[in-house]
file upload_7.cif (mmCIF, C-alpha atoms)
data_work
#
loop_
_atom_site.label_atom_id
_atom_site.label_comp_id
_atom_site.auth_asym_id
_atom_site.auth_seq_id
_atom_site.Cartn_x
_atom_site.Cartn_y
_atom_site.Cartn_z
CA MET V 1055 124.68 105.34 81.54
CA HIS V 1056 123.11 101.91 81.93
CA TRP V 1057 123.57 100.57 85.46
CA PRO V 1058 124.21 96.82 85.82
CA ARG V 1059 121.79 96.88 88.76
CA ALA V 1060 119.47 99.69 89.85
CA ILE V 1061 117.39 99.71 93.05
CA ILE V 1062 115.02 102.46 94.20
CA LEU V 1063 113.65 102.80 97.72
CA VAL V 1064 110.49 104.88 98.08
CA ASP V 1065 109.98 106.00 101.70
CA MET V 1066 106.91 108.02 102.64
CA ASN V 1067 107.47 111.08 104.85
CA ALA V 1068 105.76 110.85 108.28
CA PHE V 1069 103.19 108.75 106.43
CA PHE V 1070 100.27 108.58 108.88
CA ALA V 1071 100.55 112.26 109.80
CA SER V 1072 100.90 113.25 106.13
CA VAL V 1073 97.70 111.39 105.25
CA GLU V 1074 95.85 113.20 108.04
CA GLN V 1075 97.17 116.57 106.89
CA ARG V 1076 96.10 115.79 103.34
CA ASP V 1077 92.60 114.79 104.44
CA ARG V 1078 92.33 117.83 106.76
CA PRO V 1079 93.78 120.85 104.94
CA GLU V 1080 93.40 122.99 108.07
CA TRP V 1081 96.14 120.86 109.71
CA ARG V 1082 98.73 121.46 107.00
CA GLY V 1083 101.79 123.18 108.38
CA ARG V 1084 100.73 122.44 111.96
CA PRO V 1085 102.19 119.95 114.49
CA VAL V 1086 100.20 116.70 114.45
CA ALA V 1087 100.73 113.60 116.59
CA ILE V 1088 99.08 110.26 115.79
CA THR V 1089 97.99 108.15 118.77
CA ASN V 1090 96.28 104.77 119.00
CA GLY V 1091 92.77 106.09 119.45
CA ARG V 1092 91.64 109.07 121.48
CA GLN V 1093 92.61 107.10 124.61
CA GLY V 1094 96.15 106.53 123.35
CA THR V 1095 98.88 108.19 125.40
CA CYS V 1096 101.87 107.30 123.19
CA VAL V 1097 102.88 109.02 119.94
CA ILE V 1098 102.84 106.50 117.08
CA THR V 1099 104.28 109.05 114.66
CA CYS V 1100 104.13 112.80 114.14
CA SER V 1101 104.42 115.44 111.46
CA TYR V 1102 107.70 117.19 110.72
CA GLU V 1103 106.24 120.37 112.25
CA ALA V 1104 105.95 118.46 115.55
CA ARG V 1105 109.43 116.96 115.18
CA ALA V 1106 110.85 120.46 114.99
CA PHE V 1107 109.80 120.86 118.67
CA GLY V 1108 111.50 117.59 119.68
CA VAL V 1109 108.42 115.36 119.56
CA ARG V 1110 109.36 111.81 118.59
CA THR V 1111 107.78 108.42 117.93
CA GLY V 1112 107.29 106.50 121.18
CA MET V 1113 107.10 109.65 123.33
CA ARG V 1114 104.33 109.90 125.89
CA LEU V 1115 101.66 112.42 124.96
CA PRO V 1116 102.00 114.57 128.14
CA GLN V 1117 105.71 115.02 127.45
CA ALA V 1118 105.00 115.83 123.81
CA ARG V 1119 102.49 118.50 124.87
CA ARG V 1120 105.06 120.08 127.18
CA LEU V 1121 107.45 120.37 124.23
CA CYS V 1122 104.74 121.53 121.84
CA PRO V 1123 101.66 123.06 123.57
CA ASP V 1124 99.84 123.48 120.23
CA LEU V 1125 100.22 119.81 119.34
CA ILE V 1126 97.14 118.33 117.63
CA GLN V 1127 96.31 114.80 118.82
CA CYS V 1128 94.86 112.66 116.04
CA PRO V 1129 93.50 109.13 116.64
CA ALA V 1130 94.99 106.67 114.17
CA ARG V 1131 92.90 105.43 111.24
CA PRO V 1132 94.71 102.23 110.19
CA GLU V 1133 92.20 101.28 107.50
CA ARG V 1134 92.66 104.68 105.85
CA TYR V 1135 96.46 104.37 105.89
CA ALA V 1136 96.21 100.87 104.41
CA GLU V 1137 93.93 102.20 101.68
CA VAL V 1138 96.35 104.98 100.74
CA SER V 1139 99.32 102.61 100.91
CA THR V 1140 97.60 100.17 98.56
CA ALA V 1141 97.10 102.97 96.02
CA ILE V 1142 100.78 103.90 96.31
CA MET V 1143 101.98 100.33 95.81
CA GLU V 1144 99.73 99.87 92.79
CA ALA V 1145 101.17 103.05 91.24
CA LEU V 1146 104.73 101.80 91.83
CA ALA V 1147 103.94 98.35 90.45
CA ALA V 1148 102.90 100.03 87.20
CA ILE V 1149 106.49 101.28 86.85
CA SER V 1150 108.24 97.99 87.57
CA PRO V 1151 106.80 94.56 88.35
CA ASP V 1152 109.88 93.87 90.46
CA ILE V 1153 108.53 95.51 93.61
CA GLU V 1154 108.90 94.53 97.26
CA VAL V 1155 106.50 96.10 99.73
CA PHE V 1156 108.91 96.50 102.64
CA SER V 1157 106.35 98.05 105.01
CA VAL V 1158 103.16 100.08 104.84
CA ASP V 1159 105.18 103.18 103.89
CA GLU V 1160 108.23 101.77 102.11
CA ALA V 1161 108.85 99.84 98.90
CA PHE V 1162 111.87 98.67 96.94
CA LEU V 1163 111.80 98.76 93.14
CA ASP V 1164 114.31 96.88 91.00
CA VAL V 1165 114.36 98.96 87.81
CA THR V 1166 117.37 97.29 86.21
CA ARG V 1167 115.25 95.94 83.37
CA CYS V 1168 113.30 99.21 82.94
CA GLN V 1169 116.19 101.45 81.94
CA ARG V 1170 115.90 100.97 78.19
CA LEU V 1171 112.17 101.75 78.36
CA LEU V 1172 111.99 104.45 81.03
CA GLY V 1173 115.46 106.01 81.07
CA SER V 1174 118.17 106.33 83.69
CA PRO V 1175 117.62 105.16 87.29
CA ALA V 1176 117.42 108.80 88.40
CA ALA V 1177 114.75 109.53 85.77
CA ILE V 1178 112.76 106.47 86.85
CA ALA V 1179 113.02 107.57 90.49
CA ARG V 1180 111.61 111.01 89.58
CA LEU V 1181 108.78 109.25 87.77
CA ALA V 1182 108.12 107.16 90.90
CA ARG V 1183 107.93 110.30 93.07
CA ARG V 1184 105.44 111.86 90.69
CA ARG V 1185 103.28 108.74 90.50
CA VAL V 1186 103.23 108.41 94.29
CA PHE V 1187 102.03 112.00 94.71
CA GLU V 1188 99.38 111.58 92.01
CA ALA V 1189 98.10 108.40 93.69
CA SER V 1190 98.14 109.62 97.28
CA GLY V 1191 98.61 113.38 97.52
CA VAL V 1192 101.50 112.92 99.96
CA LEU V 1193 105.24 113.36 99.48
CA CYS V 1194 107.97 110.74 99.67
CA SER V 1195 111.75 110.54 99.86
CA VAL V 1196 113.62 108.42 97.33
CA GLY V 1197 117.01 106.73 97.42
CA VAL V 1198 118.64 105.28 94.30
CA SER V 1199 121.66 103.01 94.15
CA GLY V 1200 122.89 99.66 92.89
CA ASP V 1201 121.85 97.62 95.94
CA ARG V 1202 119.11 97.54 98.58
CA THR V 1203 121.11 98.68 101.59
CA THR V 1204 122.70 101.69 99.90
CA ALA V 1205 119.37 102.71 98.37
CA LYS V 1206 117.74 102.64 101.82
CA PHE V 1207 120.64 104.61 103.28
CA ALA V 1208 120.31 107.17 100.48
CA ALA V 1209 116.58 107.66 101.12
CA LYS V 1210 117.32 108.75 104.70
CA GLN V 1211 119.80 111.45 103.74
CA ASP V 1212 117.49 114.26 102.66
CA LYS V 1213 114.12 113.95 104.40
CA PRO V 1214 111.44 115.07 103.99
CA ASP V 1215 110.76 115.08 100.25
CA GLY V 1216 114.32 114.02 99.56
CA PHE V 1217 115.99 112.70 96.42
CA THR V 1218 119.44 111.10 96.70
CA VAL V 1219 121.29 109.14 94.04
CA ILE V 1220 124.39 107.09 94.89
CA PRO V 1221 125.75 105.39 91.75
CA PRO V 1222 127.03 101.85 92.41
CA TRP V 1223 130.62 102.84 91.70
CA GLU V 1224 130.44 105.52 94.42
CA ALA V 1225 128.66 103.44 97.08
CA ALA V 1226 131.75 102.22 98.95
CA ALA V 1227 133.19 105.72 99.20
CA ARG V 1228 129.85 107.22 100.35
CA LEU V 1229 129.47 104.57 103.07
CA HIS V 1230 133.13 104.65 104.16
CA ALA V 1231 132.69 106.88 107.24
CA VAL V 1232 129.14 105.77 108.07
CA PRO V 1233 128.73 103.81 111.35
CA VAL V 1234 127.81 100.22 110.56
CA THR V 1235 124.83 100.43 112.93
CA GLU V 1236 123.20 102.97 110.60
CA LEU V 1237 122.71 100.26 107.99
CA CYS V 1238 119.32 98.56 107.89
CA GLY V 1239 119.51 95.19 109.63
CA VAL V 1240 122.64 95.88 111.69
CA ALA V 1241 121.25 95.98 115.23
CA GLU V 1242 123.09 96.83 118.44
CA GLY V 1243 124.03 93.19 119.08
CA ILE V 1244 125.77 92.81 115.72
CA GLY V 1245 127.25 96.29 116.13
CA ALA V 1246 128.77 95.28 119.47
CA PHE V 1247 130.26 92.14 117.91
CA LEU V 1248 131.80 94.21 115.11
CA ALA V 1249 133.12 96.78 117.58
CA ARG V 1250 134.94 94.02 119.48
CA HIS V 1251 136.70 93.23 116.21
CA GLY V 1252 137.63 96.86 115.57
CA VAL V 1253 134.87 97.61 113.07
CA HIS V 1254 132.90 100.78 113.82
CA THR V 1255 132.43 102.25 110.35
CA CYS V 1256 131.59 100.69 107.02
CA GLY V 1257 135.05 101.51 105.68
CA GLU V 1258 136.67 99.41 108.40
CA MET V 1259 134.70 96.32 107.37
CA ALA V 1260 137.07 95.44 104.52
CA ARG V 1261 139.84 94.78 107.07
CA LEU V 1262 137.75 92.08 108.77
CA PRO V 1263 137.82 88.66 107.07
CA ILE V 1264 134.37 87.70 105.85
CA GLY V 1265 134.78 84.31 107.54
CA VAL V 1266 134.65 85.95 110.99
CA LEU V 1267 131.11 87.14 110.34
CA ALA V 1268 130.15 83.94 108.54
CA ARG V 1269 131.20 81.74 111.47
CA ARG V 1270 129.20 83.85 113.93
CA PHE V 1271 126.08 84.74 111.91
CA GLY V 1272 126.07 82.42 108.89
CA ASN V 1273 124.79 83.77 105.57
CA PRO V 1274 123.35 86.95 107.17
CA GLY V 1275 126.87 87.69 108.39
CA ARG V 1276 128.28 87.32 104.89
CA ARG V 1277 125.59 89.68 103.62
CA ILE V 1278 126.49 92.33 106.23
CA TRP V 1279 130.13 92.20 105.08
CA TYR V 1280 129.03 93.06 101.54
CA MET V 1281 126.41 95.59 102.69
CA ALA V 1282 129.03 97.75 104.38
CA GLN V 1283 130.92 98.01 101.09
CA GLY V 1284 127.93 99.00 98.98
CA ARG V 1285 127.55 95.54 97.47
CA ASP V 1286 124.49 94.08 99.17
CA PRO V 1287 123.67 90.90 97.16
CA GLU V 1288 120.09 90.60 98.47
CA LYS V 1289 117.51 90.71 95.69
CA VAL V 1290 114.18 92.52 95.72
CA ARG V 1291 111.69 89.91 96.92
CA THR V 1292 108.50 90.15 94.89
CA GLY V 1293 106.59 87.32 96.58
CA VAL V 1294 105.12 86.93 100.04
CA ALA V 1295 106.35 83.88 101.91
CA PRO V 1296 103.79 81.58 103.53
CA PRO V 1297 103.05 82.75 107.07
CA GLN V 1298 105.11 81.22 109.86
CA SER V 1299 102.66 82.66 112.39
CA VAL V 1300 99.39 84.58 112.54
CA GLY V 1301 98.95 86.71 115.62
CA HIS V 1302 97.35 89.75 117.16
CA GLY V 1303 98.18 91.69 120.31
CA LYS V 1304 96.83 94.74 122.09
CA VAL V 1305 97.96 97.07 124.85
CA VAL V 1306 95.65 96.91 127.89
CA PRO V 1307 95.13 99.63 130.53
CA PRO V 1308 98.41 99.86 132.48
CA ASP V 1309 98.84 97.38 135.33
CA THR V 1310 95.55 95.57 134.70
CA ARG V 1311 94.78 92.92 137.32
CA ASP V 1312 91.07 92.46 136.60
CA ARG V 1313 90.58 88.93 135.25
CA ALA V 1314 87.34 89.88 133.45
CA VAL V 1315 89.08 92.71 131.58
CA LEU V 1316 91.92 90.40 130.56
CA LEU V 1317 89.44 87.77 129.37
CA THR V 1318 87.74 90.37 127.17
CA TYR V 1319 91.02 91.42 125.58
CA LEU V 1320 92.13 87.82 125.07
CA LEU V 1321 88.79 86.85 123.54
CA HIS V 1322 89.08 89.86 121.21
CA MET V 1323 92.52 88.71 120.03
CA SER V 1324 91.37 85.08 119.77
CA GLU V 1325 88.47 86.01 117.52
CA LYS V 1326 90.75 88.17 115.36
CA VAL V 1327 93.26 85.34 114.96
CA GLY V 1328 90.49 82.86 114.19
CA ALA V 1329 88.87 85.14 111.60
CA ARG V 1330 92.21 85.81 109.91
CA LEU V 1331 93.05 82.11 109.77
CA ARG V 1332 89.68 81.38 108.16
CA ARG V 1333 90.03 84.26 105.70
CA HIS V 1334 93.17 82.71 104.28
CA GLY V 1335 92.19 79.05 104.53
CA LEU V 1336 94.54 78.25 107.40
CA ALA V 1337 94.32 76.43 110.72
CA ALA V 1338 96.78 75.87 113.56
CA ARG V 1339 97.41 73.37 116.32
CA GLU V 1340 99.92 75.30 118.46
CA PHE V 1341 99.33 78.74 119.97
CA PHE V 1342 101.28 81.18 122.10
CA ILE V 1343 99.21 83.02 124.70
CA GLY V 1344 101.21 85.85 126.27
CA LEU V 1345 100.75 88.44 129.02
CA ARG V 1346 103.34 91.20 129.22
CA VAL V 1347 104.02 92.20 132.82
CA ARG V 1348 106.62 94.53 134.28
CA GLY V 1349 109.33 91.87 134.31
CA GLY V 1350 108.71 90.56 130.79
CA TRP V 1351 106.28 88.06 129.28
CA GLU V 1352 104.27 85.42 131.08
CA GLY V 1353 102.33 82.78 129.20
CA ALA V 1354 102.65 79.44 127.48
CA ARG V 1355 102.60 77.57 124.20
CA LEU V 1356 99.57 75.29 124.14
CA ARG V 1357 98.26 72.79 121.61
CA THR V 1358 94.80 71.79 120.51
CA ALA V 1359 93.91 68.18 119.68
CA MET V 1360 93.50 69.08 116.00
CA PRO V 1361 94.31 72.17 113.89
CA THR V 1362 91.66 74.82 114.45
CA ASP V 1363 90.53 78.19 113.14
CA ASP V 1364 87.84 78.66 115.78
CA GLY V 1365 88.08 81.67 118.07
CA HIS V 1366 86.20 79.92 120.90
CA GLN V 1367 88.74 77.10 120.99
CA ILE V 1368 91.60 79.60 121.01
CA ALA V 1369 89.90 81.55 123.81
CA ALA V 1370 89.70 78.33 125.85
CA LEU V 1371 93.51 78.17 125.71
CA CYS V 1372 93.61 81.76 126.94
CA ARG V 1373 91.47 80.86 129.95
CA GLU V 1374 93.82 77.98 130.68
CA VAL V 1375 96.82 80.31 130.63
CA LEU V 1376 95.11 82.77 132.99
CA GLY V 1377 94.29 79.93 135.37
CA ARG V 1378 97.66 78.17 135.33
CA HIS V 1379 100.34 80.69 134.37
CA TRP V 1380 99.20 84.12 135.57
CA ASP V 1381 100.09 84.98 139.16
CA GLY V 1382 97.98 88.15 139.36
CA ALA V 1383 100.75 90.55 138.33
CA GLY V 1384 99.72 93.75 136.56
CA VAL V 1385 99.41 93.18 132.80
CA HIS V 1386 100.27 95.77 130.15
CA GLN V 1387 99.71 93.85 126.91
CA VAL V 1388 98.18 90.59 125.66
CA GLN V 1389 99.19 88.50 122.67
CA VAL V 1390 97.59 85.54 120.89
CA THR V 1391 99.58 83.90 118.08
CA ALA V 1392 99.01 80.82 115.93
CA LEU V 1393 102.51 79.38 115.60
CA ASP V 1394 102.18 76.71 112.93
CA PRO V 1395 99.48 77.68 110.42
CA VAL V 1396 98.81 75.02 107.79
CA PRO V 1397 96.20 74.76 105.02
CA ALA V 1398 92.79 74.08 106.54
CA ARG V 1399 90.44 71.30 105.53
CA ALA V 1400 93.23 68.75 105.55
CA GLN V 1401 92.51 65.07 106.13
CA LEU V 1402 90.72 64.60 109.47
CA GLU V 1403 91.82 62.09 112.07
CA LEU V 1404 90.51 58.60 111.25
CA PHE V 1405 88.26 58.31 114.30
CA ALA V 1406 87.33 62.00 114.68
CA ASP V 1407 83.58 62.48 115.06
CA GLU V 1408 83.45 65.84 113.29
CA ALA V 1409 85.52 68.86 112.36
CA PRO V 1410 86.61 70.89 115.41
CA GLY V 1411 84.96 74.20 116.21
CA HIS V 1412 81.77 75.59 114.73
CA PRO V 1413 82.41 75.96 110.99
CA GLU V 1414 78.81 76.75 110.05
CA ILE V 1415 78.44 79.45 112.68
CA ASN V 1416 81.84 80.90 111.86
CA GLY V 1417 80.97 80.98 108.16
CA VAL V 1418 77.79 82.96 108.81
CA MET V 1419 79.61 85.33 111.18
CA ASP V 1420 82.40 85.93 108.65
CA ALA V 1421 79.88 86.67 105.90
CA VAL V 1422 78.03 89.19 108.08
CA ASN V 1423 81.26 90.89 109.15
CA ARG V 1424 82.55 91.12 105.58
CA ARG V 1425 79.39 92.94 104.61
CA PHE V 1426 78.79 95.16 107.65
CA GLY V 1427 82.24 95.59 109.17
CA GLN V 1428 84.57 93.89 111.60
CA PHE V 1429 82.79 92.47 114.68
CA ALA V 1430 79.35 93.59 113.53
CA LEU V 1431 78.49 90.07 114.73
CA ALA V 1432 80.60 88.91 117.66
CA PRO V 1433 80.44 87.27 121.11
CA ALA V 1434 78.54 89.42 123.59
CA ARG V 1435 81.60 89.90 125.81
CA LEU V 1436 83.23 91.86 122.98
CA LEU V 1437 80.68 94.64 123.41
CA GLU V 1438 83.07 95.72 126.19
CA ARG V 1439 86.21 95.49 124.04
CA SER V 1440 88.72 98.32 123.84
CA ALA V 1441 87.78 101.34 121.74
CA MET V 1442 91.41 101.67 120.62
CA PRO V 1443 91.78 100.82 116.92
CA ASP V 1444 93.92 98.07 115.50
CA VAL V 1445 97.47 98.86 114.40
CA ILE V 1446 99.24 98.06 111.16
CA ALA V 1447 101.81 95.33 111.64
CA PRO V 1448 105.36 95.89 110.33
CA ALA V 1449 104.88 92.99 107.90
CA TRP V 1450 101.71 94.48 106.38
CA LYS V 1451 101.26 93.89 102.66
CA PRO V 1452 98.49 95.15 100.31
CA PHE V 1453 97.74 91.57 99.28
CA GLY V 1454 97.76 88.04 100.63
CA HIS V 1455 97.64 86.88 104.23
CA ARG V 1456 99.33 90.04 105.56
CA ARG V 1457 96.74 92.48 104.23
CA SER V 1458 94.87 92.73 107.55
CA VAL V 1459 95.62 95.41 110.11
#

call {"tool": "encode", "arguments": {"input": "upload_7.cif", "output": "structure tokens"}}
result
Amino acid sequence: MHWPRAIILVDMNAFFASVEQRDRPEWRGRPVAITNGRQGTCVITCSYEARAFGVRTGMRLPQARRLCPDLIQCPARPERYAEVSTAIMEALAAISPDIEVFSVDEAFLDVTRCQRLLGSPAAIARLARRRVFEASGVLCSVGVSGDRTTAKFAAKQDKPDGFTVIPPWEAAARLHAVPVTELCGVAEGIGAFLARHGVHTCGEMARLPIGVLARRFGNPGRRIWYMAQGRDPEKVRTGVAPPQSVGHGKVVPPDTRDRAVLLTYLLHMSEKVGARLRRHGLAAREFFIGLRVRGGWEGARLRTAMPTDDGHQIAALCREVLGRHWDGAGVHQVQVTALDPVPARAQLELFADEAPGHPEINGVMDAVNRRFGQFALAPARLLERSAMPDVIAPAWKPFGHRRSV
């Protein structure tokens, strides 16, 4: 039967751990926990063998070892995961051009227009599973339905290596008893608002006038009303929107109060932001420099005289924040974010003497680092930078400005 709309969600199973088990056959069938480097003390993700012992994402490694004494700690390899993910997304794009890379291990496929060529939505989903395994050697779970939200819900029902089909005409009935907070995008705050109006399950949503959600949340509220009834109107987004920010952050040793250590971490993030801006032909005038302390974030939004992509200029803002906004409290994380990236090489100010920063030096440094690896050429202070690897951002894409880890 031809579906009027057919959406497939491909969700990799314990993706990072599965890649490690594929690359190291001796780890297959054994509990594996991925941490951010050998120094990492927090579980980023873990294999299903580890989850059987109660190990979970976000758990501290000592606690995980108490639950599972044979747990294998594996330092994360973000570049490897990005490489495998890229191969997966290319395999899926060969099935349907209407693909949205939702995260490094998830993708939506709109196969509505593929049915006459490739068969039923269920047959296309089986083809997608096979292509993913051929491209990566790791398993995935697949959900199939007539809208994004129900497809994502379906993919969670039978993990790992699951396959769940919810035809569009059955979606409302399948979601009827499901708590609304189990739907993607319905966070605790929205869930609390719905609970105050007597809506706890998806089936109860129909009793609430759509205008109640629209007045409180606007168009996203209207979408949630439809989502709960298996009629999510959101389309698969095939493009990547221009960046609203470009940032990098890193966890520092707990309760760091050493100014020199903080300067090293901030310079590291400044150079990463600068290099990423240059890679994509962007520059920014406004930056957020943040220090996460026990009570929350300290920091400031600062502006440069002209848009810049120079790491040294960004690092100067970091020094200003340390001098004016940091009271010596123990720091747990640093963040440097360009808030308003715009195309670089725009018209200069009329009376500006020269372009800001050091474009010639940065160009040479970028060329060397492209050839020999990230930070092969870097400021001397970064010789003392953290050995912990970068992490893959939730908005990672295999193309465009979000490709970087």

call {"tool": "resolve_selection", "arguments": {"input": "upload_7.cif", "expression": "the PyMOL selection byres ((chain V and resi 1217-1223) around 9)", "output": "ChimeraX atom specification"}}
result
/V:1057-1060,1175-1176,1179-1180,1194-1201,1204-1205,1208-1213,1215-1216,1224-1228,1284-1285

call {"tool": "closest_residue", "arguments": {"input": "upload_7.cif", "among": "V:Ala1068, V:Ile1142, V:Met1055, V:Leu1125", "to": "V:Ala1177", "atoms": "only C-alpha atoms"}}
result
V:Met1055

call {"tool": "resolve_selection", "arguments": {"input": "upload_7.cif", "expression": "the PyMOL selection byres ((chain V and resi 1437-1449) around 10)", "output": "ChimeraX atom specification"}}
result
/V:1089-1094,1098,1129-1133,1135-1136,1155-1159,1294,1301-1307,1315,1317-1322,1429,1432-1436,1450-1451,1456-1459

call {"tool": "residues_around", "arguments": {"input": "upload_7.cif", "residues": "V:Val1109", "least_positions_apart": "4", "cutoff": "7 Å", "atoms": "all atoms listed in the file", "output": "short mmCIF file (atom, residue, chain, number, x, y, z; two decimals) with C-alpha atoms, in the frame of the given file"}}
result
data_model
loop_
_atom_site.label_atom_id
_atom_site.label_comp_id
_atom_site.auth_asym_id
_atom_site.auth_seq_id
_atom_site.Cartn_x
_atom_site.Cartn_y
_atom_site.Cartn_z
CA ALA V 1104 105.95 118.46 115.55
CA ARG V 1105 109.43 116.96 115.18
CA MET V 1113 107.10 109.65 123.33
CA ALA V 1118 105.00 115.83 123.81
CA LEU V 1121 107.45 120.37 124.23
#

call {"tool": "resolve_selection", "arguments": {"input": "upload_7.cif", "expression": "the PyMOL selection byres ((chain V and resi 1328) around 9)", "output": "number ranges by chain"}}
result
V: 1323-1327, 1329-1333, 1337, 1362-1366, 1368, 1392

call {"tool": "closest_atom_pairs", "arguments": {"input": "upload_7.cif", "of": "stretch 1281-1361 of chain V", "to": "stretch 1164-1167 of chain V", "cutoff": "10 Å", "atoms": "all atoms listed in the file", "output": "tab-separated table"}}
result
residue	atom	partner	partner_atom	distance
V:Lys1289	CA	V:Asp1164	CA	8.4
V:Val1290	CA	V:Asp1164	CA	6.4
V:Arg1291	CA	V:Asp1164	CA	9.5
V:Thr1292	CA	V:Asp1164	CA	9.7

call {"tool": "atom_distance", "arguments": {"input": "upload_7.cif", "atom1": "atom CA of V:Leu1345", "atom2": "atom CA of V:Val1388"}}
result
4.7 Å

call {"tool": "closest_residue", "arguments": {"input": "upload_7.cif", "among": "V:Gln1367, V:Ala1354, V:Val1232, V:Ile1153", "to": "V:Pro1413", "atoms": "only C-alpha atoms"}}
result
V:Gln1367

call {"tool": "decode", "arguments": {"input": "upload_7.cif", "residues": "stretch 1315-1321 of chain V", "atoms": "all heavy atoms", "output": "mmCIF file, in the first residue's frame"}}
result
data_model
loop_
_atom_site.group_PDB
_atom_site.id
_atom_site.type_symbol
_atom_site.label_atom_id
_atom_site.label_comp_id
_atom_site.auth_asym_id
_atom_site.auth_seq_id
_atom_site.Cartn_x
_atom_site.Cartn_y
_atom_site.Cartn_z
ATOM 1 N N VAL V 1315 46.508 27.721 34.144
ATOM 2 C CA VAL V 1315 45.810 26.581 33.558
ATOM 3 C C VAL V 1315 44.576 27.047 32.791
ATOM 4 O O VAL V 1315 44.310 26.615 31.657
ATOM 5 C CB VAL V 1315 45.429 25.563 34.646
ATOM 6 C CG1 VAL V 1315 44.522 24.468 34.073
ATOM 7 C CG2 VAL V 1315 46.679 24.941 35.252
ATOM 8 N N LEU V 1316 43.823 27.970 33.391
ATOM 9 C CA LEU V 1316 42.622 28.483 32.732
ATOM 10 C C LEU V 1316 42.978 29.223 31.447
ATOM 11 O O LEU V 1316 42.282 29.096 30.433
ATOM 12 C CB LEU V 1316 41.850 29.396 33.681
ATOM 13 C CG LEU V 1316 41.239 28.718 34.912
ATOM 14 C CD1 LEU V 1316 40.582 29.745 35.819
ATOM 15 C CD2 LEU V 1316 40.212 27.665 34.489
ATOM 16 N N LEU V 1317 44.064 29.987 31.475
ATOM 17 C CA LEU V 1317 44.489 30.695 30.272
ATOM 18 C C LEU V 1317 44.840 29.718 29.149
ATOM 19 O O LEU V 1317 44.544 29.968 27.974
ATOM 20 C CB LEU V 1317 45.681 31.604 30.578
ATOM 21 C CG LEU V 1317 45.370 32.928 31.286
ATOM 22 C CD1 LEU V 1317 46.655 33.629 31.698
ATOM 23 C CD2 LEU V 1317 44.532 33.836 30.387
ATOM 24 N N THR V 1318 45.463 28.600 29.501
ATOM 25 C CA THR V 1318 45.802 27.602 28.489
ATOM 26 C C THR V 1318 44.544 27.021 27.857
ATOM 27 O O THR V 1318 44.434 26.904 26.633
ATOM 28 C CB THR V 1318 46.652 26.476 29.107
ATOM 29 O OG1 THR V 1318 47.871 27.030 29.615
ATOM 30 C CG2 THR V 1318 46.975 25.407 28.080
ATOM 31 N N TYR V 1319 43.575 26.657 28.686
ATOM 32 C CA TYR V 1319 42.325 26.110 28.159
ATOM 33 C C TYR V 1319 41.592 27.141 27.313
ATOM 34 O O TYR V 1319 41.040 26.814 26.248
ATOM 35 C CB TYR V 1319 41.438 25.638 29.317
ATOM 36 C CG TYR V 1319 41.729 24.235 29.787
ATOM 37 C CD1 TYR V 1319 42.723 23.998 30.727
ATOM 38 C CD2 TYR V 1319 41.011 23.145 29.316
ATOM 39 C CE1 TYR V 1319 42.999 22.716 31.181
ATOM 40 C CE2 TYR V 1319 41.265 21.861 29.756
ATOM 41 C CZ TYR V 1319 42.263 21.652 30.690
ATOM 42 O OH TYR V 1319 42.537 20.376 31.122
ATOM 43 N N LEU V 1320 41.537 28.378 27.771
ATOM 44 C CA LEU V 1320 40.828 29.413 27.019
ATOM 45 C C LEU V 1320 41.527 29.725 25.698
ATOM 46 O O LEU V 1320 40.864 29.962 24.679
ATOM 47 C CB LEU V 1320 40.698 30.681 27.876
ATOM 48 C CG LEU V 1320 39.693 30.578 29.026
ATOM 49 C CD1 LEU V 1320 39.856 31.748 29.993
ATOM 50 C CD2 LEU V 1320 38.254 30.530 28.497
ATOM 51 N N LEU V 1321 42.859 29.734 25.694
ATOM 52 C CA LEU V 1321 43.584 29.944 24.450
ATOM 53 C C LEU V 1321 43.319 28.784 23.481
ATOM 54 O O LEU V 1321 43.131 28.998 22.270
ATOM 55 C CB LEU V 1321 45.081 30.068 24.721
ATOM 56 C CG LEU V 1321 45.976 30.211 23.478
ATOM 57 C CD1 LEU V 1321 45.606 31.459 22.689
ATOM 58 C CD2 LEU V 1321 47.453 30.237 23.876
#
